[in-house]
Amino acid sequence: MTETAGEGAGPGPAAAERTGRFDALRVAAFRKLFIGGLFTFLTMQTAGVARAWMAFELTGTNTGLGGVMFAFGAASIFAIPAGGVLADRFDKRRIMLAAGSLQTLTPLMLGVVVAAGVGAYWMLILASLIQGVVISVLAPARLAFMAEVVDRRVVTNAVFLSTATIQLTRVFGPALAGWMIGAALFGLAGAFFASASLGALSLAFLVGLPAGARSPSSGRSSLGDMADGLRFVRSQPAIVHLLGFSFTVVLVGFPQQTFLPAVADLYGAGPAGFGFLNTAAAVGAVAVSISFANAARDRLWSYQARSALAFGVSLVLFSLMPGFAWVLAAAVLVGGSSSGFQALSNSLVLTTTPVEYHGRVQSLLMLSYTGFAIVSLPLGMLADRVGVRPTIAALGSVIVVAAAVSKVVEPRTRGRPTLEGGS
């Protein structure tokens with residue numbers, strides 16, 4: 001076991017240390033997690049595109065798209081706190097294997113019903129509920145495990161490389177899924193089957209990983225551990241600020257992903273255009289992830305605020321573009337800034353939180369990334385009433401204001417957490 005992220009958390013010369021851009025890949029366990037993640041996230045991306053397009057085909061409305069996302073978010077709201085406790089109490093490798101198995105079976109079953117011609121909207125709702133549980137359990141365990149297998153000095157590097165993995169799959173995954181959906185040889189059922197095959201490949205890399213560390217028994221129940229995590233967060237102004245800012249930016253800005261099928265349809269680009277919108281955003285995200293991979297730890301707070309501002313501005317630009325080529329260019333900016341904000345938030349949690357609280361604090365951060373799915377339903381209704389472009393422009397404007405407000409209140413709340421009782 002390498003140095004844990006709960007040790008040596010105080011400020012010092014190491015805080016400004018830069019790592020090599022790919023230092024975390026020198027760790028064998030992280031390499032397996034990294035390669036397996038390519039297949040894990042490729043499964044998510046291809047299945048997500050297929051589910052979204054199926055929902056749009058069945059309903060033809062933004063409300064229908066929002067409903068699928070709402071189901072995903074509703075499941076996550078209940079499952080995420082449990083996922084954080086599980087990550088802190090049990091073998092993280094087994095948690096990831098169980099979640100990965102369920103993730104593989106879901107698109108397989110959707111492929112079967114689509115091929116049989118019996119696909120229905122309620123099945124998408126059920127699949128979204130299952131996927132909400134999967135990501136709620138998988139993500140806290142994966143991030144906490146990652147912080148254990150690499151040295152604290154390269155945690156930020158590992159987070160950004162992992163983020164690059166996610167975004168790299170978005171470069172070609174959605175475009176591939178969009179192409180398969182539109183191709184007679186594959187179709188929607190073929191896209192689901194391909195997604196299930198990729199999920200099976202991801203499991204092979206998880207099998208060879210070491211078991212994750214478990215926190216010492218506290219003698220508390222699971223609910224007691226959950227309450228203890230909340231008490232810790234309340235005692236740390238920096239983490240309260242971080243979580244609050246993340247909730248605002250993500251809940252307001254991330255629902256724009258829900259409307260990409262409607263944006264593609266608005267410009268007459270079809271399913272392939274939907275895939276290319278996802279790909280364009282991913283290109284920007286990969287570029288930002290690699291650029292920030294060796295960022296100095298003492299600059300993370302500043303970078304997070306700037307990425308939020310850039311995200312808001314890029315959303316406004318995205319909504320104003322006159323043609324599909326221009327929309328693709330703006331999508332690169334949207335993807336880069338939103339991915340940067342997300343990865344920086346994850347890095348800040350892992351580098352300012354004792355190791356025994358990683359799962360629970362990460363689960364609280366994740367509530368924002370799944371909560372936006374719930375917000376997508378009323379925003380979908382708004383987009384159906386006023387138009388998708390004005391809705392996206394309004395979301396971007398709110399984020400710009402939120403970033404400015406956060407910068408004003410930041411000096412009063414920011415600071416490194418006190419780790420008493422936590423290391």
# chains A, B, ... in the order shown; residues from 1 in each chain; ligands from 1

$ closest_atom_pairs --of "region 77-172 of chain A" --to "region 25-30 of chain A" --cutoff "12 Å" --atoms "only C-alpha atoms" --output "CSV"
residue,atom,partner,partner_atom,distance
A:Arg93,CA,A:Ala29,CA,11.2
A:Arg142,CA,A:Phe30,CA,10.6
A:Leu143,CA,A:Phe30,CA,11.0
A:Phe145,CA,A:Phe30,CA,9.2
A:Met146,CA,A:Phe30,CA,6.8
A:Ala147,CA,A:Phe30,CA,9.6
A:Glu148,CA,A:Phe30,CA,9.7
A:Val149,CA,A:Ala29,CA,6.6
A:Val150,CA,A:Val27,CA,6.7
A:Asp151,CA,A:Val27,CA,9.2
A:Val154,CA,A:Leu25,CA,9.9
A:Val155,CA,A:Phe30,CA,10.8
A:Asn157,CA,A:Leu25,CA,9.3
A:Ala158,CA,A:Leu25,CA,7.8
A:Val159,CA,A:Phe30,CA,10.6
A:Phe160,CA,A:Leu25,CA,11.6
A:Leu161,CA,A:Leu25,CA,8.6
A:Ser162,CA,A:Phe30,CA,9.3

$ write_last_selection --atoms "N, CA and C atoms" --output "PDB file, in the first residue's frame"
ATOM      1  N   ARG A  93     -12.659  -3.689  -4.999  1.00  0.00           N
ATOM      2  CA  ARG A  93     -12.585  -4.475  -6.240  1.00  0.00           C
ATOM      3  C   ARG A  93     -13.884  -5.252  -6.454  1.00  0.00           C
ATOM      4  N   ARG A 142     -14.397   3.432  -7.277  1.00  0.00           N
ATOM      5  CA  ARG A 142     -13.299   3.567  -8.243  1.00  0.00           C
ATOM      6  C   ARG A 142     -12.375   4.726  -7.867  1.00  0.00           C
ATOM      7  N   LEU A 143     -12.947   5.860  -7.515  1.00  0.00           N
ATOM      8  CA  LEU A 143     -12.125   7.014  -7.161  1.00  0.00           C
ATOM      9  C   LEU A 143     -11.361   6.782  -5.860  1.00  0.00           C
ATOM     10  N   PHE A 145     -10.496   3.878  -4.608  1.00  0.00           N
ATOM     11  CA  PHE A 145      -9.484   2.861  -4.883  1.00  0.00           C
ATOM     12  C   PHE A 145      -8.282   3.489  -5.578  1.00  0.00           C
ATOM     13  N   MET A 146      -8.545   4.380  -6.519  1.00  0.00           N
ATOM     14  CA  MET A 146      -7.481   5.043  -7.259  1.00  0.00           C
ATOM     15  C   MET A 146      -6.584   5.845  -6.317  1.00  0.00           C
ATOM     16  N   ALA A 147      -7.174   6.516  -5.347  1.00  0.00           N
ATOM     17  CA  ALA A 147      -6.388   7.308  -4.402  1.00  0.00           C
ATOM     18  C   ALA A 147      -5.549   6.432  -3.476  1.00  0.00           C
ATOM     19  N   GLU A 148      -5.901   5.155  -3.349  1.00  0.00           N
ATOM     20  CA  GLU A 148      -5.145   4.235  -2.496  1.00  0.00           C
ATOM     21  C   GLU A 148      -3.942   3.630  -3.221  1.00  0.00           C
ATOM     22  N   VAL A 149      -4.072   3.362  -4.516  1.00  0.00           N
ATOM     23  CA  VAL A 149      -3.015   2.626  -5.211  1.00  0.00           C
ATOM     24  C   VAL A 149      -1.908   3.531  -5.739  1.00  0.00           C
ATOM     25  N   VAL A 150      -2.130   4.861  -5.747  1.00  0.00           N
ATOM     26  CA  VAL A 150      -1.067   5.773  -6.173  1.00  0.00           C
ATOM     27  C   VAL A 150      -0.619   6.616  -4.988  1.00  0.00           C
ATOM     28  N   ASP A 151       0.585   7.129  -5.061  1.00  0.00           N
ATOM     29  CA  ASP A 151       1.108   8.005  -4.025  1.00  0.00           C
ATOM     30  C   ASP A 151       0.302   9.307  -4.001  1.00  0.00           C
ATOM     31  N   VAL A 154       0.726  12.050  -6.608  1.00  0.00           N
ATOM     32  CA  VAL A 154       0.234  11.931  -7.979  1.00  0.00           C
ATOM     33  C   VAL A 154      -1.268  11.660  -8.039  1.00  0.00           C
ATOM     34  N   VAL A 155      -1.989  11.921  -6.948  1.00  0.00           N
ATOM     35  CA  VAL A 155      -3.441  11.721  -6.957  1.00  0.00           C
ATOM     36  C   VAL A 155      -4.103  12.584  -8.023  1.00  0.00           C
ATOM     37  N   ASN A 157      -2.766  13.823 -10.692  1.00  0.00           N
ATOM     38  CA  ASN A 157      -2.384  13.283 -11.989  1.00  0.00           C
ATOM     39  C   ASN A 157      -3.256  12.077 -12.341  1.00  0.00           C
ATOM     40  N   ALA A 158      -3.490  11.198 -11.370  1.00  0.00           N
ATOM     41  CA  ALA A 158      -4.317  10.017 -11.613  1.00  0.00           C
ATOM     42  C   ALA A 158      -5.753  10.402 -11.945  1.00  0.00           C
ATOM     43  N   VAL A 159      -6.299  11.403 -11.240  1.00  0.00           N
ATOM     44  CA  VAL A 159      -7.672  11.837 -11.493  1.00  0.00           C
ATOM     45  C   VAL A 159      -7.819  12.376 -12.909  1.00  0.00           C
ATOM     46  N   PHE A 160      -6.871  13.208 -13.339  1.00  0.00           N
ATOM     47  CA  PHE A 160      -6.981  13.782 -14.678  1.00  0.00           C
ATOM     48  C   PHE A 160      -6.737  12.742 -15.766  1.00  0.00           C
ATOM     49  N   LEU A 161      -5.841  11.797 -15.523  1.00  0.00           N
ATOM     50  CA  LEU A 161      -5.654  10.733 -16.507  1.00  0.00           C
ATOM     51  C   LEU A 161      -6.909   9.859 -16.586  1.00  0.00           C
ATOM     52  N   SER A 162      -7.522   9.608 -15.434  1.00  0.00           N
ATOM     53  CA  SER A 162      -8.771   8.846 -15.439  1.00  0.00           C
ATOM     54  C   SER A 162      -9.866   9.616 -16.170  1.00  0.00           C
TER      55      SER A 162
END

$ residues_around --residues "Leu328 (chain A)" --least-positions-apart "6" --cutoff "8 Å" --atoms "only C-alpha atoms" --output "PyMOL selection string"
chain A and resi 276-277+280-281

$ atom_distance --atom1 "CA of Phe318 (chain A)" --atom2 "CA of Pro255 (chain A)"
13.8 Å

$ closest_residue --among "A:Val398, A:Leu129, A:Ile181, A:Leu58" --to "Gly270 (chain A)" --atoms "only C-alpha atoms"
A:Ile181

$ atom_distance --atom1 "CA of Val118 (chain A)" --atom2 "CA of Ala196 (chain A)"
18.9 Å

$ closest_residue --among "A:Leu105, A:Ala343, A:Ala87, A:Met44" --to "Val286 (chain A)" --atoms "only C-alpha atoms"
A:Ala343

$ closest_residue --among "A:Val233, A:Gly253, A:Val327, A:Val316" --to "Leu266 (chain A)" --atoms "only C-alpha atoms"
A:Val327

$ closest_residue --among "A:Gly132, A:Gly323, A:Gly37, A:Gly396" --to "Ser202 (chain A)" --atoms "only C-alpha atoms"
A:Gly37

$ residues_around --residues "Val137 (chain A)" --least-positions-apart "4" --cutoff "8 Å" --atoms "only C-alpha atoms" --output "count of residues only"
12

$ closest_residue --among "A:Ala47, A:Ile125, A:Ala189, A:Ile35" --to "Val68 (chain A)" --atoms "only C-alpha atoms"
A:Ile125

$ closest_residue --among "A:Gly335, A:Gly268, A:Gly190, A:Pro237" --to "Pro107 (chain A)" --atoms "only C-alpha atoms"
A:Gly190

$ residues_around --residues "Met54 (chain A)" --least-positions-apart "5" --cutoff "12 Å" --atoms "only C-alpha atoms" --output "ChimeraX atom specification"
/A:47-49,59-61,64-65,68,110-111,113-114,119-125,127,177-178,181-182,187-189,191-192,261,271

$ write_last_selection --atoms "N, CA and C atoms" --output "mmCIF file, in the first residue's frame"
data_model
loop_
_atom_site.group_PDB
_atom_site.id
_atom_site.type_symbol
_atom_site.label_atom_id
_atom_site.label_comp_id
_atom_site.auth_asym_id
_atom_site.auth_seq_id
_atom_site.Cartn_x
_atom_site.Cartn_y
_atom_site.Cartn_z
ATOM 1 N N ALA A 47 -23.961 2.902 -24.663
ATOM 2 C CA ALA A 47 -25.296 2.574 -24.164
ATOM 3 C C ALA A 47 -26.107 3.841 -23.917
ATOM 4 N N GLY A 48 -25.441 4.897 -23.428
ATOM 5 C CA GLY A 48 -26.145 6.148 -23.177
ATOM 6 C C GLY A 48 -26.684 6.775 -24.454
ATOM 7 N N VAL A 49 -25.888 6.767 -25.516
ATOM 8 C CA VAL A 49 -26.337 7.303 -26.799
ATOM 9 C C VAL A 49 -27.511 6.481 -27.326
ATOM 10 N N THR A 59 -40.690 8.865 -28.224
ATOM 11 C CA THR A 59 -41.515 9.976 -27.745
ATOM 12 C C THR A 59 -41.468 11.210 -28.648
ATOM 13 N N GLY A 60 -40.308 11.472 -29.264
ATOM 14 C CA GLY A 60 -40.162 12.640 -30.121
ATOM 15 C C GLY A 60 -40.168 13.965 -29.388
ATOM 16 N N THR A 61 -39.920 13.956 -28.067
ATOM 17 C CA THR A 61 -39.970 15.193 -27.280
ATOM 18 C C THR A 61 -38.769 15.316 -26.359
ATOM 19 N N GLY A 64 -39.566 13.598 -23.090
ATOM 20 C CA GLY A 64 -39.252 12.182 -23.073
ATOM 21 C C GLY A 64 -37.801 11.927 -22.746
ATOM 22 N N LEU A 65 -36.905 12.751 -23.336
ATOM 23 C CA LEU A 65 -35.482 12.644 -23.014
ATOM 24 C C LEU A 65 -35.226 12.964 -21.550
ATOM 25 N N VAL A 68 -36.127 10.083 -19.099
ATOM 26 C CA VAL A 68 -35.121 9.032 -18.967
ATOM 27 C C VAL A 68 -34.021 9.473 -18.014
ATOM 28 N N LEU A 110 -31.630 -4.731 -23.262
ATOM 29 C CA LEU A 110 -32.269 -3.768 -24.159
ATOM 30 C C LEU A 110 -32.081 -4.187 -25.614
ATOM 31 N N GLY A 111 -30.892 -4.705 -25.932
ATOM 32 C CA GLY A 111 -30.663 -5.183 -27.290
ATOM 33 C C GLY A 111 -31.620 -6.303 -27.659
ATOM 34 N N VAL A 113 -34.710 -6.881 -26.439
ATOM 35 C CA VAL A 113 -36.096 -6.432 -26.630
ATOM 36 C C VAL A 113 -36.242 -5.597 -27.902
ATOM 37 N N VAL A 114 -35.198 -4.818 -28.246
ATOM 38 C CA VAL A 114 -35.264 -4.039 -29.484
ATOM 39 C C VAL A 114 -35.234 -4.967 -30.692
ATOM 40 N N GLY A 119 -39.572 -3.230 -27.780
ATOM 41 C CA GLY A 119 -39.057 -2.161 -26.940
ATOM 42 C C GLY A 119 -40.127 -1.147 -26.581
ATOM 43 N N ALA A 120 -40.117 -0.679 -25.340
ATOM 44 C CA ALA A 120 -41.103 0.297 -24.868
ATOM 45 C C ALA A 120 -40.411 1.328 -23.977
ATOM 46 N N TYR A 121 -41.066 2.464 -23.821
ATOM 47 C CA TYR A 121 -40.471 3.567 -23.061
ATOM 48 C C TYR A 121 -40.220 3.177 -21.608
ATOM 49 N N TRP A 122 -41.121 2.372 -21.027
ATOM 50 C CA TRP A 122 -40.947 2.002 -19.619
ATOM 51 C C TRP A 122 -39.671 1.179 -19.426
ATOM 52 N N MET A 123 -39.262 0.454 -20.466
ATOM 53 C CA MET A 123 -38.028 -0.319 -20.372
ATOM 54 C C MET A 123 -36.817 0.600 -20.272
ATOM 55 N N LEU A 124 -36.865 1.723 -20.974
ATOM 56 C CA LEU A 124 -35.796 2.713 -20.867
ATOM 57 C C LEU A 124 -35.752 3.310 -19.471
ATOM 58 N N ILE A 125 -36.920 3.552 -18.905
ATOM 59 C CA ILE A 125 -36.979 4.075 -17.539
ATOM 60 C C ILE A 125 -36.344 3.083 -16.571
ATOM 61 N N ALA A 127 -34.118 0.735 -17.306
ATOM 62 C CA ALA A 127 -32.680 0.675 -17.580
ATOM 63 C C ALA A 127 -31.964 1.875 -16.973
ATOM 64 N N ALA A 177 -21.570 4.793 -31.881
ATOM 65 C CA ALA A 177 -22.938 4.377 -31.564
ATOM 66 C C ALA A 177 -23.934 5.028 -32.519
ATOM 67 N N GLY A 178 -23.745 6.326 -32.796
ATOM 68 C CA GLY A 178 -24.628 7.012 -33.725
ATOM 69 C C GLY A 178 -24.578 6.396 -35.114
ATOM 70 N N ILE A 181 -26.417 3.022 -35.044
ATOM 71 C CA ILE A 181 -27.868 3.191 -34.990
ATOM 72 C C ILE A 181 -28.428 3.476 -36.378
ATOM 73 N N GLY A 182 -27.693 4.289 -37.149
ATOM 74 C CA GLY A 182 -28.166 4.656 -38.480
ATOM 75 C C GLY A 182 -27.831 3.651 -39.561
ATOM 76 N N GLY A 187 -28.046 -1.147 -36.546
ATOM 77 C CA GLY A 187 -29.281 -0.629 -35.988
ATOM 78 C C GLY A 187 -29.179 -0.416 -34.492
ATOM 79 N N LEU A 188 -30.287 -0.038 -33.885
ATOM 80 C CA LEU A 188 -30.308 0.257 -32.451
ATOM 81 C C LEU A 188 -29.973 -0.979 -31.614
ATOM 82 N N ALA A 189 -30.498 -2.133 -32.008
ATOM 83 C CA ALA A 189 -30.211 -3.367 -31.253
ATOM 84 C C ALA A 189 -28.721 -3.692 -31.294
ATOM 85 N N ALA A 191 -26.246 -1.627 -31.558
ATOM 86 C CA ALA A 191 -25.522 -0.697 -30.689
ATOM 87 C C ALA A 191 -25.580 -1.163 -29.244
ATOM 88 N N PHE A 192 -26.738 -1.670 -28.814
ATOM 89 C CA PHE A 192 -26.853 -2.192 -27.448
ATOM 90 C C PHE A 192 -25.993 -3.439 -27.250
ATOM 91 N N PRO A 261 -29.689 15.320 -28.577
ATOM 92 C CA PRO A 261 -30.455 14.758 -29.692
ATOM 93 C C PRO A 261 -31.362 15.799 -30.350
ATOM 94 N N PRO A 271 -29.043 11.038 -36.183
ATOM 95 C CA PRO A 271 -28.311 10.310 -35.141
ATOM 96 C C PRO A 271 -26.801 10.445 -35.258
#

$ residues_around --residues "Leu367 (chain A)" --least-positions-apart "5" --cutoff "10 Å" --atoms "only C-alpha atoms" --output "list of chain:residue names"
A:Gly73, A:Ser76, A:Ile77, A:Phe78, A:Ala79, A:Ile80, A:Pro81, A:Ser136, A:Leu243, A:Ser246, A:Phe247, A:Val250, A:Leu251, A:Gln362, A:Phe372

$ atom_distance --atom1 "CA of Lys407 (chain A)" --atom2 "CA of Pro140 (chain A)"
27.8 Å

$ select_by_dssp --residues "region 278-307 of chain A" --states "alpha helix (DSSP H)" --output "list in words"
Asn278, Thr279, Ala280, Ala281, Ala282, Val283, Gly284, Ala285, Val286, Ala287, Val288, Ser289, Ile290, Ser291, Phe292, Leu300, Trp301, Ser302, Tyr303, Gln304, Ala305, Arg306 and Ser307 of chain A

$ write_last_selection --atoms "C-alpha atoms" --output "short mmCIF file (atom, residue, chain, number, x, y, z; two decimals), in the first residue's frame"
data_model
loop_
_atom_site.label_atom_id
_atom_site.label_comp_id
_atom_site.auth_asym_id
_atom_site.auth_seq_id
_atom_site.Cartn_x
_atom_site.Cartn_y
_atom_site.Cartn_z
CA ASN A 278 -20.73 14.13 -28.15
CA THR A 279 -17.43 13.50 -29.91
CA ALA A 280 -16.67 17.21 -30.33
CA ALA A 281 -17.26 17.81 -26.61
CA ALA A 282 -15.02 14.87 -25.81
CA VAL A 283 -12.15 16.22 -27.95
CA GLY A 284 -12.14 19.38 -25.84
CA ALA A 285 -12.38 17.35 -22.65
CA VAL A 286 -9.41 15.14 -23.53
CA ALA A 287 -7.28 18.17 -24.39
CA VAL A 288 -8.08 19.86 -21.07
CA SER A 289 -7.56 16.65 -19.06
CA ILE A 290 -4.10 16.06 -20.51
CA SER A 291 -3.18 19.75 -20.08
CA PHE A 292 -4.12 19.72 -16.38
CA LEU A 300 -6.42 23.68 -8.25
CA TRP A 301 -8.87 26.07 -6.55
CA SER A 302 -8.08 28.85 -9.03
CA TYR A 303 -8.37 26.53 -12.01
CA GLN A 304 -11.73 25.26 -10.80
CA ALA A 305 -13.22 28.78 -10.64
CA ARG A 306 -11.90 29.64 -14.10
CA SER A 307 -13.20 26.43 -15.65
#

$ decode --residues "region 375-396 of chain A" --atoms "C-alpha atoms" --output "PDB file, in the first residue's frame"
ATOM      1  CA  VAL A 375     -33.449  18.737 -13.127  1.00  0.00           C
ATOM      2  CA  SER A 376     -33.399  17.629 -16.782  1.00  0.00           C
ATOM      3  CA  LEU A 377     -37.109  16.796 -16.692  1.00  0.00           C
ATOM      4  CA  PRO A 378     -38.442  20.293 -15.846  1.00  0.00           C
ATOM      5  CA  LEU A 379     -35.774  21.818 -18.087  1.00  0.00           C
ATOM      6  CA  GLY A 380     -36.936  19.521 -20.885  1.00  0.00           C
ATOM      7  CA  MET A 381     -40.451  20.851 -20.411  1.00  0.00           C
ATOM      8  CA  LEU A 382     -39.066  24.400 -20.542  1.00  0.00           C
ATOM      9  CA  ALA A 383     -37.141  23.609 -23.734  1.00  0.00           C
ATOM     10  CA  ASP A 384     -40.305  22.238 -25.353  1.00  0.00           C
ATOM     11  CA  ARG A 385     -42.080  25.498 -24.507  1.00  0.00           C
ATOM     12  CA  VAL A 386     -39.462  28.179 -25.280  1.00  0.00           C
ATOM     13  CA  GLY A 387     -36.976  26.301 -27.471  1.00  0.00           C
ATOM     14  CA  VAL A 388     -33.792  24.370 -26.777  1.00  0.00           C
ATOM     15  CA  ARG A 389     -31.395  27.171 -27.768  1.00  0.00           C
ATOM     16  CA  PRO A 390     -32.860  29.853 -25.429  1.00  0.00           C
ATOM     17  CA  THR A 391     -32.890  27.279 -22.622  1.00  0.00           C
ATOM     18  CA  ILE A 392     -29.189  26.458 -23.062  1.00  0.00           C
ATOM     19  CA  ALA A 393     -28.331  30.173 -23.239  1.00  0.00           C
ATOM     20  CA  ALA A 394     -30.135  30.764 -19.938  1.00  0.00           C
ATOM     21  CA  LEU A 395     -28.268  27.889 -18.272  1.00  0.00           C
ATOM     22  CA  GLY A 396     -24.920  29.314 -19.366  1.00  0.00           C
TER      23      GLY A 396
END
